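Here's target38.tsv, which has TSV, C-alpha atoms and all ligand atoms:
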```
chain	number	residue	atom	x	y	z
A	1	MET	CA	14.80	-25.88	14.63
A	2	SER	CA	11.58	-26.09	12.65
A	3	ILE	CA	9.37	-23.42	11.09
A	4	PRO	CA	7.03	-21.96	13.74
A	5	LEU	CA	3.34	-21.26	13.31
A	6	ILE	CA	1.76	-17.88	14.11
A	7	ASP	CA	-1.98	-17.23	14.37
A	8	LEU	CA	-2.77	-13.83	12.86
A	9	SER	CA	-6.13	-13.58	14.65
A	10	LYS	CA	-4.33	-13.77	17.99
A	11	LEU	CA	-2.07	-10.82	17.12
A	12	THR	CA	-5.11	-8.54	17.47
A	13	HIS	CA	-6.96	-10.57	20.12
A	14	SER	CA	-8.98	-8.68	22.74
A	15	SER	CA	-7.40	-10.74	25.52
A	16	ASP	CA	-4.12	-9.05	26.50
A	17	ALA	CA	-2.58	-12.35	27.52
A	18	ILE	CA	-3.36	-14.11	24.23
A	19	ARG	CA	-2.25	-11.11	22.18
A	20	GLN	CA	1.01	-10.55	24.04
A	21	ASN	CA	1.83	-14.22	23.91
A	22	GLU	CA	1.40	-14.37	20.14
A	23	ILE	CA	3.36	-11.13	19.59
A	24	GLN	CA	6.15	-12.68	21.63
A	25	ALA	CA	6.04	-15.83	19.49
A	26	LEU	CA	6.16	-13.68	16.35
A	27	ASP	CA	9.16	-11.77	17.72
A	28	THR	CA	11.00	-15.01	18.51
A	29	ALA	CA	10.29	-16.39	15.02
A	30	CYS	CA	11.61	-13.20	13.39
A	31	ARG	CA	14.79	-13.32	15.48
A	32	GLU	CA	15.55	-17.02	15.34
A	33	ILE	CA	14.66	-18.17	11.85
A	34	GLY	CA	13.01	-15.28	10.01
A	35	PHE	CA	10.35	-17.65	8.66
A	36	PHE	CA	6.94	-18.74	9.95
A	37	TYR	CA	3.61	-20.09	8.82
A	38	LEU	CA	0.72	-17.68	9.26
A	39	VAL	CA	-2.73	-19.16	9.88
A	40	ASN	CA	-6.17	-17.57	10.33
A	41	THR	CA	-5.10	-14.84	7.93
A	42	GLY	CA	-8.65	-13.73	7.17
A	43	ILE	CA	-8.08	-14.36	3.45
A	44	SER	CA	-10.83	-16.73	2.37
A	45	ALA	CA	-10.06	-20.18	1.00
A	46	GLU	CA	-12.26	-19.23	-1.98
A	47	LEU	CA	-10.05	-16.27	-2.87
A	48	MET	CA	-6.92	-18.39	-2.52
A	49	SER	CA	-8.29	-21.03	-4.86
A	50	ALA	CA	-9.57	-18.37	-7.28
A	51	LEU	CA	-6.02	-17.01	-7.47
A	52	MET	CA	-4.68	-20.51	-8.10
A	53	ARG	CA	-7.28	-21.02	-10.87
A	54	GLU	CA	-6.51	-17.70	-12.56
A	55	ALA	CA	-2.77	-18.36	-12.43
A	56	LYS	CA	-3.26	-21.66	-14.22
A	57	ARG	CA	-5.40	-19.96	-16.86
A	58	PHE	CA	-2.94	-17.10	-17.24
A	59	PHE	CA	0.19	-19.20	-17.69
A	60	ASN	CA	-1.67	-21.66	-19.92
A	61	GLN	CA	-2.23	-18.99	-22.58
A	62	PRO	CA	-0.25	-19.01	-25.83
A	63	GLN	CA	3.29	-17.71	-25.43
A	64	ALA	CA	2.58	-14.76	-27.75
A	65	VAL	CA	-0.25	-13.56	-25.48
A	66	LYS	CA	2.04	-13.62	-22.44
A	67	ASN	CA	4.88	-11.97	-24.36
A	68	ALA	CA	2.58	-9.06	-25.19
A	69	ILE	CA	3.04	-7.93	-21.58
A	70	ASP	CA	6.71	-8.91	-21.27
A	71	ILE	CA	8.38	-7.43	-18.19
A	72	LYS	CA	11.32	-6.48	-20.41
A	73	ASN	CA	9.09	-3.78	-21.93
A	74	SER	CA	8.36	-2.22	-18.52
A	75	ILE	CA	10.99	0.02	-16.94
A	76	ASN	CA	9.20	-0.39	-13.61
A	77	HIS	CA	9.31	-4.21	-13.57
A	78	ARG	CA	5.69	-5.14	-14.20
A	79	GLY	CA	4.29	-7.93	-16.31
A	80	TYR	CA	5.28	-11.37	-17.54
A	81	GLY	CA	8.75	-12.91	-17.14
A	82	ASN	CA	9.62	-15.92	-19.27
A	83	ILE	CA	11.52	-19.02	-18.15
A	84	GLY	CA	15.21	-18.35	-17.63
A	85	GLU	CA	14.90	-14.58	-17.25
A	86	GLU	CA	15.74	-14.58	-13.58
A	87	GLN	CA	18.58	-16.23	-11.75
A	88	LEU	CA	18.32	-15.95	-7.99
A	89	ASP	CA	21.50	-17.79	-7.12
A	90	GLU	CA	24.64	-16.40	-8.74
A	91	VAL	CA	26.51	-19.67	-8.55
A	92	GLY	CA	23.65	-21.81	-9.80
A	93	HIS	CA	21.65	-21.75	-13.00
A	94	ALA	CA	18.74	-19.68	-14.24
A	95	ASP	CA	15.46	-20.43	-12.49
A	96	TRP	CA	13.03	-22.79	-14.18
A	97	LYS	CA	9.96	-20.64	-13.72
A	98	GLU	CA	7.73	-18.06	-15.40
A	99	THR	CA	6.33	-15.09	-13.50
A	100	PHE	CA	3.85	-12.24	-13.48
A	101	ASP	CA	4.38	-9.10	-11.36
A	102	MET	CA	1.96	-6.35	-10.45
A	103	ALA	CA	1.88	-3.54	-7.91
A	104	LEU	CA	-0.05	-0.32	-7.34
A	105	ASP	CA	-0.72	1.38	-10.66
A	106	PHE	CA	0.56	4.96	-10.91
A	107	PRO	CA	-0.42	6.93	-14.03
A	108	ARG	CA	2.47	8.17	-16.13
A	109	ASP	CA	1.81	11.81	-15.19
A	110	HIS	CA	2.11	11.14	-11.43
A	111	PRO	CA	5.01	13.12	-9.89
A	112	LEU	CA	6.49	9.97	-8.31
A	113	VAL	CA	6.70	8.34	-11.75
A	114	ALA	CA	8.72	11.29	-13.04
A	115	LYS	CA	10.98	11.08	-9.99
A	116	TYR	CA	11.42	7.32	-9.74
A	117	PRO	CA	10.50	5.84	-13.14
A	118	ASN	CA	12.10	2.48	-12.37
A	119	THR	CA	9.91	2.00	-9.31
A	120	TYR	CA	6.56	3.70	-9.91
A	121	GLY	CA	4.39	3.50	-13.00
A	122	PRO	CA	1.63	1.57	-14.71
A	123	ASN	CA	1.08	-2.16	-14.54
A	124	GLN	CA	1.01	-4.37	-17.61
A	125	ILE	CA	-2.19	-6.30	-17.00
A	126	PRO	CA	-3.55	-9.67	-18.11
A	127	SER	CA	-6.13	-9.26	-20.88
A	128	ASP	CA	-8.75	-11.32	-19.02
A	129	PRO	CA	-10.71	-9.02	-16.68
A	130	LYS	CA	-11.55	-11.90	-14.31
A	131	THR	CA	-7.84	-12.62	-13.76
A	132	LEU	CA	-7.21	-8.95	-13.03
A	133	GLU	CA	-10.14	-8.76	-10.62
A	134	VAL	CA	-8.91	-11.75	-8.61
A	135	LEU	CA	-5.34	-10.40	-8.53
A	136	GLN	CA	-6.61	-7.04	-7.28
A	137	ASP	CA	-8.83	-8.62	-4.62
A	138	TYR	CA	-5.97	-10.76	-3.38
A	139	TYR	CA	-3.61	-7.75	-3.38
A	140	VAL	CA	-6.01	-5.82	-1.13
A	141	GLU	CA	-6.51	-8.70	1.31
A	142	ALA	CA	-2.85	-9.65	1.49
A	143	PHE	CA	-1.99	-6.02	2.15
A	144	GLN	CA	-4.35	-6.03	5.13
A	145	VAL	CA	-2.54	-9.08	6.48
A	146	ALA	CA	0.79	-7.28	5.97
A	147	GLN	CA	-0.45	-4.25	7.91
A	148	THR	CA	-1.55	-6.39	10.85
A	149	LEU	CA	1.80	-8.15	10.86
A	150	LEU	CA	3.82	-4.94	10.63
A	151	THR	CA	1.79	-3.46	13.49
A	152	ALA	CA	2.51	-6.52	15.63
A	153	MET	CA	6.21	-6.33	14.73
A	154	ALA	CA	6.26	-2.66	15.78
A	155	GLN	CA	4.67	-3.66	19.09
A	156	ALA	CA	7.17	-6.47	19.56
A	157	LEU	CA	10.00	-4.01	18.91
A	158	LYS	CA	8.52	-1.49	21.41
A	159	LEU	CA	7.89	1.09	18.68
A	160	GLU	CA	4.79	3.16	17.97
A	161	ASP	CA	2.10	0.89	16.52
A	162	ASP	CA	2.23	2.64	13.13
A	163	PHE	CA	6.04	2.86	12.98
A	164	PHE	CA	6.14	0.63	9.89
A	165	THR	CA	2.62	1.00	8.47
A	166	ARG	CA	2.91	4.78	8.16
A	167	CYS	CA	5.63	4.18	5.56
A	168	PHE	CA	3.09	2.64	3.16
A	169	GLN	CA	1.39	5.69	1.60
A	170	ASN	CA	2.87	5.15	-1.88
A	171	HIS	CA	4.25	1.69	-1.30
A	172	VAL	CA	5.79	-0.57	-3.88
A	173	THR	CA	4.50	-3.92	-2.66
A	174	VAL	CA	4.54	-6.46	-5.49
A	175	LEU	CA	2.19	-9.41	-6.00
A	176	ARG	CA	3.89	-12.07	-8.07
A	177	MET	CA	2.45	-15.23	-9.58
A	178	ILE	CA	4.99	-17.97	-10.26
A	179	HIS	CA	4.58	-21.08	-12.40
A	180	TYR	CA	7.25	-23.76	-12.11
A	181	PRO	CA	6.52	-25.91	-15.16
A	182	PRO	CA	7.58	-29.52	-15.53
A	183	ARG	CA	11.17	-29.49	-16.61
A	184	PRO	CA	13.33	-31.63	-18.80
A	185	VAL	CA	15.72	-33.88	-16.94
A	186	SER	CA	18.91	-31.92	-16.32
A	187	GLU	CA	21.70	-31.67	-13.82
A	188	HIS	CA	20.63	-28.05	-13.27
A	189	ASP	CA	18.04	-28.56	-10.65
A	190	ASN	CA	16.87	-25.25	-9.28
A	191	GLY	CA	13.27	-24.11	-9.48
A	192	ALA	CA	14.40	-20.96	-7.70
A	193	GLY	CA	18.02	-20.71	-6.57
A	194	ALA	CA	19.04	-19.99	-2.97
A	195	HIS	CA	18.51	-16.33	-2.11
A	196	THR	CA	17.22	-13.90	0.47
A	197	ASP	CA	14.34	-11.53	-0.31
A	198	TYR	CA	15.34	-7.90	-0.41
A	199	GLY	CA	12.22	-6.13	0.89
A	200	CYS	CA	10.52	-5.83	4.24
A	201	VAL	CA	8.52	-9.05	4.58
A	202	THR	CA	7.23	-11.57	2.04
A	203	LEU	CA	3.87	-13.36	2.36
A	204	LEU	CA	3.93	-16.50	0.25
A	205	LEU	CA	0.91	-18.51	-0.78
A	206	GLN	CA	1.88	-21.87	-2.27
A	207	ASP	CA	-0.04	-24.79	-3.71
A	208	GLN	CA	0.16	-28.32	-2.29
A	209	VAL	CA	3.12	-29.51	-4.41
A	210	GLY	CA	5.93	-28.49	-2.05
A	211	GLY	CA	9.56	-27.76	-2.87
A	212	LEU	CA	10.23	-24.60	-0.86
A	213	GLN	CA	13.14	-25.04	1.53
A	214	VAL	CA	14.49	-22.75	4.25
A	215	LYS	CA	18.02	-22.75	5.63
A	216	ASN	CA	18.06	-22.71	9.40
A	217	ARG	CA	20.88	-21.42	11.60
A	218	GLN	CA	22.43	-24.86	11.75
A	219	GLY	CA	22.81	-24.72	7.97
A	220	GLU	CA	20.20	-27.43	7.35
A	221	TRP	CA	17.61	-27.09	4.59
A	222	LEU	CA	14.13	-27.50	6.10
A	223	ASP	CA	11.12	-28.28	3.92
A	224	ALA	CA	8.44	-25.59	4.18
A	225	THR	CA	5.80	-28.26	3.63
A	226	PRO	CA	2.53	-26.73	2.43
A	227	ILE	CA	-0.19	-26.28	5.05
A	228	ASP	CA	-3.75	-25.73	3.76
A	229	ASN	CA	-4.72	-22.04	3.69
A	230	ALA	CA	-1.55	-20.99	5.53
A	231	ILE	CA	0.79	-18.34	4.23
A	232	VAL	CA	4.54	-18.68	4.64
A	233	VAL	CA	6.05	-15.41	5.85
A	234	ASN	CA	9.69	-14.43	5.76
A	235	ILE	CA	11.75	-11.43	6.76
A	236	GLY	CA	13.55	-9.61	3.94
A	237	ASP	CA	16.92	-7.83	3.87
A	238	LEU	CA	15.42	-4.38	4.32
A	239	MET	CA	13.76	-5.38	7.60
A	240	GLN	CA	16.97	-7.05	8.75
A	241	ARG	CA	18.83	-3.81	8.09
A	242	TRP	CA	16.10	-1.70	9.72
A	243	THR	CA	16.32	-3.81	12.89
A	244	ASN	CA	20.12	-3.85	13.03
A	245	ASP	CA	20.21	-7.58	12.23
A	246	GLU	CA	17.86	-8.44	15.12
A	247	TYR	CA	15.28	-9.83	12.69
A	248	VAL	CA	16.88	-12.19	10.21
A	249	SER	CA	16.47	-12.47	6.46
A	250	THR	CA	16.99	-16.15	5.80
A	251	ALA	CA	18.09	-17.97	2.65
A	252	HIS	CA	15.53	-20.12	0.92
A	253	ARG	CA	15.19	-21.93	-2.39
A	254	VAL	CA	12.76	-24.01	-4.42
A	255	ARG	CA	13.72	-27.47	-5.53
A	256	ALA	CA	13.14	-28.22	-9.17
A	257	SER	CA	9.76	-29.47	-10.24
A	258	LEU	CA	9.40	-33.10	-11.05
A	259	PRO	CA	9.25	-33.99	-14.75
A	260	ASP	CA	5.45	-34.07	-14.83
A	261	VAL	CA	4.46	-31.65	-12.08
A	262	HIS	CA	3.43	-27.99	-12.27
A	263	ARG	CA	3.88	-25.87	-9.14
A	264	TYR	CA	2.28	-22.46	-8.51
A	265	SER	CA	3.20	-19.96	-5.83
A	266	PHE	CA	2.31	-16.35	-5.04
A	267	PRO	CA	4.86	-14.23	-3.19
A	268	PHE	CA	3.63	-10.84	-1.96
A	269	PHE	CA	6.73	-8.69	-1.51
A	270	VAL	CA	5.85	-6.04	1.06
A	271	GLU	CA	7.93	-2.92	0.37
A	272	PRO	CA	7.39	0.59	1.76
A	273	ASP	CA	7.39	3.99	0.02
A	274	TYR	CA	10.51	4.76	-2.01
A	275	GLU	CA	11.37	7.68	0.26
A	276	THR	CA	11.15	5.75	3.53
A	277	ASN	CA	14.26	6.57	5.54
A	278	VAL	CA	15.49	3.19	6.75
A	279	GLU	CA	17.73	3.69	9.74
A	280	CYS	CA	18.19	1.48	12.77
A	281	VAL	CA	14.94	1.45	14.77
A	282	PRO	CA	15.46	3.01	18.21
A	283	SER	CA	14.96	-0.18	20.21
A	284	CYS	CA	17.54	-2.17	18.22
A	285	ALA	CA	20.61	-0.08	19.00
A	286	THR	CA	22.28	-0.18	22.38
A	287	GLU	CA	25.60	1.05	23.70
A	288	THR	CA	27.10	-2.37	23.18
A	289	THR	CA	25.49	-2.96	19.76
A	290	PRO	CA	25.33	0.42	18.01
A	291	ALA	CA	23.69	0.87	14.60
A	292	LYS	CA	25.65	-1.13	12.02
A	293	TYR	CA	24.28	0.45	8.85
A	294	GLU	CA	24.02	3.91	7.35
A	295	ALA	CA	20.54	5.30	6.86
A	296	ILE	CA	19.30	4.60	3.33
A	297	LEU	CA	16.14	5.30	1.34
A	298	SER	CA	14.13	2.12	0.98
A	299	GLY	CA	13.77	2.59	-2.79
A	300	ASP	CA	17.50	3.17	-3.27
A	301	TRP	CA	18.16	-0.07	-1.43
A	302	ILE	CA	15.63	-2.07	-3.44
A	303	GLN	CA	16.90	-0.65	-6.72
A	304	SER	CA	20.48	-1.48	-5.82
A	305	ARG	CA	19.39	-5.08	-5.29
A	306	PHE	CA	17.52	-5.12	-8.58
A	307	ASP	CA	20.47	-3.67	-10.47
A	308	ALA	CA	22.95	-6.21	-9.16
A	309	THR	CA	21.63	-8.95	-11.40
A	310	TYR	CA	23.06	-11.78	-9.39
A	311	ALA	CA	23.09	-10.10	-6.00
A	312	TYR	CA	20.58	-12.36	-4.30
A	313	ARG	CA	23.32	-14.04	-2.37
A	314	GLU	CA	22.83	-16.68	0.17
A	315	LYS	CA	24.05	-15.30	3.49
A	316	VAL	CA	23.34	-17.90	6.13
B	1	LIG	O1	7.97	-20.24	-4.97
B	1	LIG	C1	8.32	-20.24	-3.79
B	1	LIG	O2	7.90	-21.05	-2.97
B	1	LIG	C2	9.32	-19.22	-3.29
B	1	LIG	C3	9.65	-18.13	-4.27
B	1	LIG	C4	10.62	-17.14	-3.71
B	1	LIG	O3	11.31	-17.39	-2.76
B	1	LIG	C5	10.75	-15.80	-4.33
B	1	LIG	O4	10.18	-15.58	-5.41
B	1	LIG	O5	11.42	-14.93	-3.74
B	2	FE	FE	12.22	-15.60	-2.00
```

Using the file provided, produce a representation of the structure as structure tokens.
Ligand SMILES: O=C(O)CCC(=O)C(=O)O
Ligand SMILES: [Fe+2]
Amino acid sequence: MSIPLIDLSKLTHSSDAIRQNEIQALDTACREIGFFYLVNTGISAELMSALMREAKRFFNQPQAVKNAIDIKNSINHRGYGNIGEEQLDEVGHADWKETFDMALDFPRDHPLVAKYPNTYGPNQIPSDPKTLEVLQDYYVEAFQVAQTLLTAMAQALKLEDDFFTRCFQNHVTVLRMIHYPPRPVSEHDNGAGAHTDYGCVTLLLQDQVGGLQVKNRQGEWLDATPIDNAIVVNIGDLMQRWTNDEYVSTAHRVRASLPDVHRYSFPFFVEPDYETNVECVPSCATETTPAKYEAILSGDWIQSRFDATYAYREKV
């Protein structure tokens, strides 16, 4: 089985036949592999390359400048993460990558910050205003893509159109920049260890270097070879739980960079409001397959995954 391709523009097409056909293809992809390429996203090639350019500039700054916004100083997980700070595969080795995370910025006096200080709060921002502007523009456009996708998924699952999107009033969607620098020769070869994502869906923009691999149901690692201007989408654990395991959250990893190659990627982790009650969607439970999981608040789930340092276990 290979990684299917979905055309976002067809998911909202005025022709019923074209739209239904694409929603069906999306549904099949979510059930069978939990990964697909998304094309015609509406995000301009210019914005994608601007993001790539700003990431290079950001990570190329002196270490002290990046450390000034170290994620370790943010209780709500925003800012810069140095090489070795994250290990996605508990049986492997720390990931050879540096990161930057941002989400919606909530002022410290916002009631949600008082209630959930580890989830909501201010960003730690890059000092260059151009970098921030591009990150914010991309965040807005990627979020539009996410809303279209989540609407189509609701339609595929025979739910109200806004079943998922209405849970994004105070959402905690994270835009991450990742830099996989050239690495010294070592027997420890992961760029990012095998893991599943813990949120709803992830939209990943990657450069042309390659290295992302997806484990299919046969247990084979497939290369998610870069396609120009396409975004790689995958289902996360929260969506798998929400759909009673109908939609699958699939293990993936990034092979180590080559000794002289830099790789950049931009996951957009789409995660609903903390207080979203995640319980089996009505169309995914039947008499023969009743709901498998207790209802849980989305934020409690995400936090439990954060807290279990090495919990990003490969499941497939
Ligand atoms: O860099 C990539 O291609 C994938 C990164 C990833 O899977 C993650 O950060 O969850
Ligand atoms: Fe991932």

- Task: Please measure the separation of atom CA of Glu22 of chain A and atom CA of Asp273 of chain A, giving the value in Å to one decimal.
- Result: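 Those two atoms sit 27.9 Å apart.
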
Between chain A and ligand FE 2 (chain B), at 9 Å or less, what are the per-residue closest atom pairs and their distances in Å? Count all atoms listed in the file, order by chain and rising residue number, and return it as a tab-separated table.
```
residue	atom	partner	partner_atom	distance
A:Leu88	CA	B:FE2	FE	8.6
A:Ala192	CA	B:FE2	FE	8.1
A:Gly193	CA	B:FE2	FE	9.0
A:Ala194	CA	B:FE2	FE	8.2
A:His195	CA	B:FE2	FE	6.3
A:Thr196	CA	B:FE2	FE	5.8
A:Asp197	CA	B:FE2	FE	4.9
A:Tyr198	CA	B:FE2	FE	8.5
A:Thr202	CA	B:FE2	FE	7.6
A:Leu204	CA	B:FE2	FE	8.6
A:Asn234	CA	B:FE2	FE	8.2
A:Gly236	CA	B:FE2	FE	8.5
A:Ala251	CA	B:FE2	FE	7.9
A:His252	CA	B:FE2	FE	6.3
A:Arg253	CA	B:FE2	FE	7.0
A:Val254	CA	B:FE2	FE	8.8
A:Pro267	CA	B:FE2	FE	7.6
A:Phe269	CA	B:FE2	FE	8.8
```

- Task: Go through A:Gly84, A:Ile178, A:Met102, A:Ile3 and flag the residue nearest Phe58 of chain A, using only C-alpha atoms for the distances.
- Result: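 Using only C-alpha atoms, the shortest distance to Phe58 of chain A belongs to A:Ile178.
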
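Counting only C-alpha atoms, Ala230 of chain A has the following residues at most 6 Å away, ignoring those fewer than 2 positions along the same chain: A:Leu38, A:Val39, A:Ile227, A:Asp228.
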
- Show which residues sit within 8 Å of Asn76 of chain A, as a list in words. Count all atoms listed in the file, and ignore same-chain residues fewer than 2 positions away.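 Near Asn76 of chain A, the qualifying residues are Ser74, Arg78, Pro117, Asn118, Thr119, Tyr120, Gly121 and Pro122 of chain A.
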
- Query: Can you list, as a list of chain:residue names, every protein, DNA or RNA residue that comes within 12 Å of Phe168 of chain A when you count only C-alpha atoms, leaving out same-chain residues fewer than 4 positions away?
  - Reply: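 Surrounding residues, per the criterion: A:Leu104, A:Phe143, A:Gln144, A:Ala146, A:Gln147, A:Leu150, A:Asp162, A:Phe163, A:Phe164, A:Val172, A:Thr173, A:Cys200, A:Val270, A:Glu271, A:Pro272, A:Asp273, A:Tyr274, A:Glu275, A:Thr276, A:Ser298.
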
- Task: Go ahead and find all residues with at least one atom no further than 8 Å from (11.6, -35.7, -15.9) in the file's coordinates, using only C-alpha atoms; report them as number ranges by chain.
- Result: A: 182-185, 258-260

Can you write out the residues you just picked, keeping C-alpha atoms, as a PDB file, in the frame of the given file?
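So the final result, stored in result_39.pdb, reads:
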```pdb
ATOM      1  CA  PRO A 182       7.580 -29.520 -15.530  1.00  0.00           C
ATOM      2  CA  ARG A 183      11.170 -29.490 -16.610  1.00  0.00           C
ATOM      3  CA  PRO A 184      13.330 -31.630 -18.800  1.00  0.00           C
ATOM      4  CA  VAL A 185      15.720 -33.880 -16.940  1.00  0.00           C
ATOM      5  CA  LEU A 258       9.400 -33.100 -11.050  1.00  0.00           C
ATOM      6  CA  PRO A 259       9.250 -33.990 -14.750  1.00  0.00           C
ATOM      7  CA  ASP A 260       5.450 -34.070 -14.830  1.00  0.00           C
TER       8      ASP A 260
END
```

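Nearest residue to Asn60 of chain A among A:His179, A:Leu222, A:Lys72, A:Leu159 is A:His179, counting all atoms listed in the file.
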
- Near segment 61-70 of chain A, within 7 Å and counting all atoms listed in the file, which residues show up once chain neighbours fewer than 6 positions away are dropped, as number ranges by chain? A: 79-81, 124

- Item | Atom-to-atom span, atom CA of Cys284 of chain A and atom O3 of ligand LIG 1 (chain B), Å |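 One can read the atom CA of Cys284 of chain A to atom O3 of ligand LIG 1 (chain B) distance as 26.7 Å.
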